[in-house]
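Note sheet for the following structure.
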Amino acid sequence: MELRQIVTGKTDFMDLLLLGDEQEDMVMKYLERGEMAVLFDGEDAIALSVVTKEGENLWELKNIAVLPAFQGKGYGKQLVRFWQEKLQGQGILQAGTGETPKTMGFYMACGFQFSHRITDFFVHHYDHPIVEDGILLKDMVYFSYKL
């Protein structure tokens with residue numbers, strides 16, 4: 001496995017990006033200004049993440065995706081640790097997600113703590129209902145990690 005930062009050609013990974021954020025126009029709102037890390041198995045991209053700078057001392061993990069065949073093997077946590085180490089001492093890393101036990105548990109296992117929520121975020125910002133793990137998403141739940 002090899003982790004590479006991607007500077008150009010980020011849209012080449014759109015299929016994988018859409019696993020983490022399923023509406024392309026939402027991905028495009030942050031993709032170009034974001035920093036991208038991709039985990040490769042040989043020449044195949046199996047996981048990625050995108051982080052944006054949202055303000056002084058505030059970073060946001062906007063997208064994290066792992067191909068289904070590679071999920072549950074620690075690759076998502078490896079990507080989170082990459083950003084935690086790269087941005088160490090630079091403030092707060094936050095992540096917004098849907099309110100599902102699996103995803104919230106993932107962030108807590110990575111050292112994040114609940115921060116806040118944005119009511120009806122998925123209802124107002126996506127053009128179709130978003131369902132994750134059989135749960136209809138409404139609120140965006142934010143977790144934060146002190147870098």
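Please note that chains go A, B, ... in the order of the structure tokens, that every chain numbers its residues from 1, and that ligands are numbered from 1 in the order shown.
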Can you pull out every residue within 8 Å of Glu132 in chain A, counting only C-alpha atoms, but drop anything in the same chain fewer than 3 positions away, and send it as a VMD selection string?
chain A and resid 98 100 135 to 137
Could you pull out all residues of chain A with a DSSP call of strand (DSSP E) and give them as a PyMOL selection string?
chain A and resi 2-6+35-41+44-55+58-66+92-98+113-118+131-132+135-136+140-146
Please build the interface table for range 25-83 of chain A against range 15-18 of chain A with a cut-off of 12 Å, listing for each qualifying residue the nearest atom pair and the distance in Å to one decimal; count only C-alpha atoms, order rows by chain and increasing number, and write it as a tab-separated table.
```
residue	atom	partner	partner_atom	distance
A:Asp25	CA	A:Leu18	CA	10.2
A:Met26	CA	A:Leu18	CA	9.7
A:Val27	CA	A:Leu17	CA	7.4
A:Met28	CA	A:Leu17	CA	10.0
A:Tyr30	CA	A:Leu17	CA	11.4
A:Leu31	CA	A:Leu17	CA	9.4
A:Met36	CA	A:Leu17	CA	10.4
A:Ala37	CA	A:Leu17	CA	11.4
A:Val38	CA	A:Leu16	CA	9.9
A:Leu39	CA	A:Leu16	CA	11.2
A:Asp44	CA	A:Leu16	CA	11.1
A:Ala45	CA	A:Leu16	CA	8.1
A:Ile46	CA	A:Leu16	CA	7.9
A:Ala47	CA	A:Leu16	CA	7.3
A:Leu48	CA	A:Leu16	CA	7.4
A:Ser49	CA	A:Leu17	CA	8.1
A:Val50	CA	A:Leu17	CA	8.8
A:Lys62	CA	A:Leu17	CA	10.1
A:Asn63	CA	A:Leu17	CA	7.0
A:Ile64	CA	A:Leu17	CA	7.6
A:Ala65	CA	A:Leu16	CA	6.4
A:Val66	CA	A:Leu16	CA	7.4
A:Leu67	CA	A:Leu16	CA	7.1
A:Pro68	CA	A:Leu16	CA	10.2
```
Pull N, CA and C atoms from the residues just selected and write them as a PDB file, in the first residue's frame.
```pdb
ATOM      1  N   ASP A  25     -22.127  17.662  -7.338  1.00  0.00           N
ATOM      2  CA  ASP A  25     -21.992  19.109  -7.184  1.00  0.00           C
ATOM      3  C   ASP A  25     -21.569  19.484  -5.762  1.00  0.00           C
ATOM      4  N   MET A  26     -21.914  18.677  -4.770  1.00  0.00           N
ATOM      5  CA  MET A  26     -21.452  18.924  -3.401  1.00  0.00           C
ATOM      6  C   MET A  26     -19.942  18.653  -3.301  1.00  0.00           C
ATOM      7  N   VAL A  27     -19.469  17.609  -3.958  1.00  0.00           N
ATOM      8  CA  VAL A  27     -18.035  17.295  -3.980  1.00  0.00           C
ATOM      9  C   VAL A  27     -17.264  18.439  -4.634  1.00  0.00           C
ATOM     10  N   MET A  28     -17.789  18.954  -5.732  1.00  0.00           N
ATOM     11  CA  MET A  28     -17.093  20.004  -6.478  1.00  0.00           C
ATOM     12  C   MET A  28     -16.969  21.305  -5.685  1.00  0.00           C
ATOM     13  N   TYR A  30     -15.854  21.639  -2.743  1.00  0.00           N
ATOM     14  CA  TYR A  30     -14.646  21.647  -1.911  1.00  0.00           C
ATOM     15  C   TYR A  30     -13.434  20.982  -2.551  1.00  0.00           C
ATOM     16  N   LEU A  31     -13.626  20.259  -3.641  1.00  0.00           N
ATOM     17  CA  LEU A  31     -12.553  19.431  -4.166  1.00  0.00           C
ATOM     18  C   LEU A  31     -11.308  20.212  -4.569  1.00  0.00           C
ATOM     19  N   MET A  36      -5.874  16.404  -1.064  1.00  0.00           N
ATOM     20  CA  MET A  36      -6.340  15.039  -1.233  1.00  0.00           C
ATOM     21  C   MET A  36      -5.213  14.047  -0.966  1.00  0.00           C
ATOM     22  N   ALA A  37      -5.549  12.993  -0.244  1.00  0.00           N
ATOM     23  CA  ALA A  37      -4.632  11.867  -0.034  1.00  0.00           C
ATOM     24  C   ALA A  37      -5.333  10.614  -0.530  1.00  0.00           C
ATOM     25  N   VAL A  38      -4.600   9.812  -1.323  1.00  0.00           N
ATOM     26  CA  VAL A  38      -5.167   8.595  -1.890  1.00  0.00           C
ATOM     27  C   VAL A  38      -4.277   7.422  -1.510  1.00  0.00           C
ATOM     28  N   LEU A  39      -4.913   6.341  -1.085  1.00  0.00           N
ATOM     29  CA  LEU A  39      -4.210   5.111  -0.756  1.00  0.00           C
ATOM     30  C   LEU A  39      -4.326   4.163  -1.939  1.00  0.00           C
ATOM     31  N   ASP A  44      -4.026   0.714  -8.212  1.00  0.00           N
ATOM     32  CA  ASP A  44      -5.455   0.899  -7.961  1.00  0.00           C
ATOM     33  C   ASP A  44      -5.700   1.741  -6.725  1.00  0.00           C
ATOM     34  N   ALA A  45      -6.495   2.790  -6.877  1.00  0.00           N
ATOM     35  CA  ALA A  45      -6.899   3.619  -5.741  1.00  0.00           C
ATOM     36  C   ALA A  45      -7.965   2.857  -4.966  1.00  0.00           C
ATOM     37  N   ILE A  46      -7.708   2.648  -3.668  1.00  0.00           N
ATOM     38  CA  ILE A  46      -8.674   1.896  -2.855  1.00  0.00           C
ATOM     39  C   ILE A  46      -9.340   2.753  -1.783  1.00  0.00           C
ATOM     40  N   ALA A  47      -8.732   3.905  -1.456  1.00  0.00           N
ATOM     41  CA  ALA A  47      -9.294   4.776  -0.428  1.00  0.00           C
ATOM     42  C   ALA A  47      -8.773   6.189  -0.638  1.00  0.00           C
ATOM     43  N   LEU A  48      -9.543   7.169  -0.185  1.00  0.00           N
ATOM     44  CA  LEU A  48      -9.084   8.557  -0.296  1.00  0.00           C
ATOM     45  C   LEU A  48      -9.717   9.405   0.781  1.00  0.00           C
ATOM     46  N   SER A  49      -9.143  10.587   0.929  1.00  0.00           N
ATOM     47  CA  SER A  49      -9.702  11.580   1.835  1.00  0.00           C
ATOM     48  C   SER A  49      -9.367  12.966   1.304  1.00  0.00           C
ATOM     49  N   VAL A  50     -10.232  13.920   1.646  1.00  0.00           N
ATOM     50  CA  VAL A  50     -10.030  15.316   1.261  1.00  0.00           C
ATOM     51  C   VAL A  50     -10.207  16.169   2.507  1.00  0.00           C
ATOM     52  N   LYS A  62     -13.517  16.621   4.677  1.00  0.00           N
ATOM     53  CA  LYS A  62     -14.734  16.750   3.871  1.00  0.00           C
ATOM     54  C   LYS A  62     -15.184  15.428   3.262  1.00  0.00           C
ATOM     55  N   ASN A  63     -14.237  14.541   2.998  1.00  0.00           N
ATOM     56  CA  ASN A  63     -14.582  13.295   2.322  1.00  0.00           C
ATOM     57  C   ASN A  63     -13.600  12.223   2.760  1.00  0.00           C
ATOM     58  N   ILE A  64     -14.118  11.081   3.073  1.00  0.00           N
ATOM     59  CA  ILE A  64     -13.293   9.905   3.312  1.00  0.00           C
ATOM     60  C   ILE A  64     -14.061   8.728   2.728  1.00  0.00           C
ATOM     61  N   ALA A  65     -13.381   7.960   1.886  1.00  0.00           N
ATOM     62  CA  ALA A  65     -14.048   6.855   1.209  1.00  0.00           C
ATOM     63  C   ALA A  65     -13.085   5.690   1.059  1.00  0.00           C
ATOM     64  N   VAL A  66     -13.619   4.493   1.251  1.00  0.00           N
ATOM     65  CA  VAL A  66     -12.856   3.254   1.076  1.00  0.00           C
ATOM     66  C   VAL A  66     -13.710   2.322   0.228  1.00  0.00           C
ATOM     67  N   LEU A  67     -13.113   1.741  -0.812  1.00  0.00           N
ATOM     68  CA  LEU A  67     -13.861   0.789  -1.628  1.00  0.00           C
ATOM     69  C   LEU A  67     -14.447  -0.298  -0.732  1.00  0.00           C
ATOM     70  N   PRO A  68     -15.678  -0.740  -1.010  1.00  0.00           N
ATOM     71  CA  PRO A  68     -16.330  -1.734  -0.150  1.00  0.00           C
ATOM     72  C   PRO A  68     -15.486  -2.985   0.130  1.00  0.00           C
TER      73      PRO A  68
END
```
One-decimal distance in Å that lies between CA of Leu19 in chain A and CA of Lys73 in chain A:
16.7 Å
Long-range neighbours of Gln90 in chain A as a CSV table (one decimal) with N, CA, C and O atoms, in the first residue's frame, 10 Å cut-off, only C-alpha atoms, 4 positions minimum in chain:
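Below you can see selection35.csv, which holds the result:
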```
chain,number,residue,atom,x,y,z
A,56,GLU,N,-8.7,30.1,10.2
A,56,GLU,CA,-7.4,30.0,11.0
A,56,GLU,C,-7.6,28.9,12.1
A,56,GLU,O,-8.5,29.0,12.9
A,57,ASN,N,-6.7,28.0,12.0
A,57,ASN,CA,-6.7,26.9,13.0
A,57,ASN,C,-7.9,26.0,12.9
A,57,ASN,O,-8.2,25.3,13.9
A,58,LEU,N,-8.6,25.9,11.8
A,58,LEU,CA,-9.7,25.0,11.6
A,58,LEU,C,-9.6,24.3,10.2
A,58,LEU,O,-9.6,24.9,9.2
A,59,TRP,N,-9.5,23.0,10.3
A,59,TRP,CA,-9.5,22.1,9.1
A,59,TRP,C,-10.7,21.2,9.1
A,59,TRP,O,-11.2,20.9,10.2
A,84,GLN,N,-4.1,13.8,10.9
A,84,GLN,CA,-3.9,14.2,12.3
A,84,GLN,C,-2.4,14.5,12.5
A,84,GLN,O,-2.0,15.4,13.2
A,86,LYS,N,-0.1,15.1,9.9
A,86,LYS,CA,0.4,16.2,9.0
A,86,LYS,C,0.0,17.6,9.5
A,86,LYS,O,0.7,18.5,9.4
A,146,LYS,N,-8.5,17.8,18.4
A,146,LYS,CA,-7.5,18.8,18.7
A,146,LYS,C,-6.2,18.3,18.1
A,146,LYS,O,-5.7,17.3,18.5
A,147,LEU,N,-5.7,19.1,17.2
A,147,LEU,CA,-4.4,18.7,16.5
A,147,LEU,C,-3.2,19.0,17.4
A,147,LEU,O,-3.2,19.9,18.1
```
Let me make sure I understand: among A:Phe143, A:Lys29, A:Glu35, A:Glu22, which one has the smallest atom-to-atom distance to Asp127 in chain A if we use only C-alpha atoms?
A:Glu22
Interatomic distance, CA of Phe114 in chain A to CA of Lys77 in chain A (Å, one decimal):
17.4 Å
Select, from A:Val123, A:Ile130, A:Leu61, A:Ile118, the residue with the minimum atom-to-atom distance to Arg81 in chain A, counting only C-alpha atoms.
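Looking at the shortest contact to Arg81 in chain A, the residue is A:Leu61.
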Can you work out which one of A:Asp41, A:Gly9, A:Tyr145, A:Asp139 has the shortest atom-to-atom distance to Glu85 in chain A, counting only C-alpha atoms?
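The closest residue to Glu85 in chain A is A:Tyr145.
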Point out the residue among A:Gln78, A:Lys10, A:Gly72, A:Gln88 with the least atom-to-atom distance to Cys110 in chain A, counting only C-alpha atoms.
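Answer, going by the shortest atom-to-atom distance: A:Gln78.
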Computed interatomic separation between CA of Thr52 in chain A and CA of Ala69 in chain A (Å)
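For CA of Thr52 in chain A relative to CA of Ala69 in chain A, the distance reads 27.0 Å.
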For the helix (DSSP H, G or I) assignment from backbone DSSP, which residues of chain A qualify? Please present them as a PyMOL selection string.
chain A and resi 10-20+24-28+68-70+75-86+101-109+121-125
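Between Val51 in chain A and the residues A:Tyr126, A:Tyr142, A:Phe112, A:Trp83, the shortest atom-to-atom distance, using only C-alpha atoms, involves A:Trp83.
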So that I can see what lies close to His116 in chain A, please list as an MDAnalysis selection string the residues with an atom at most 12 Å from it, counting only C-alpha atoms and leaving out residues fewer than 6 positions away in the same chain.
chainID A and resid 94:97 99 139:144
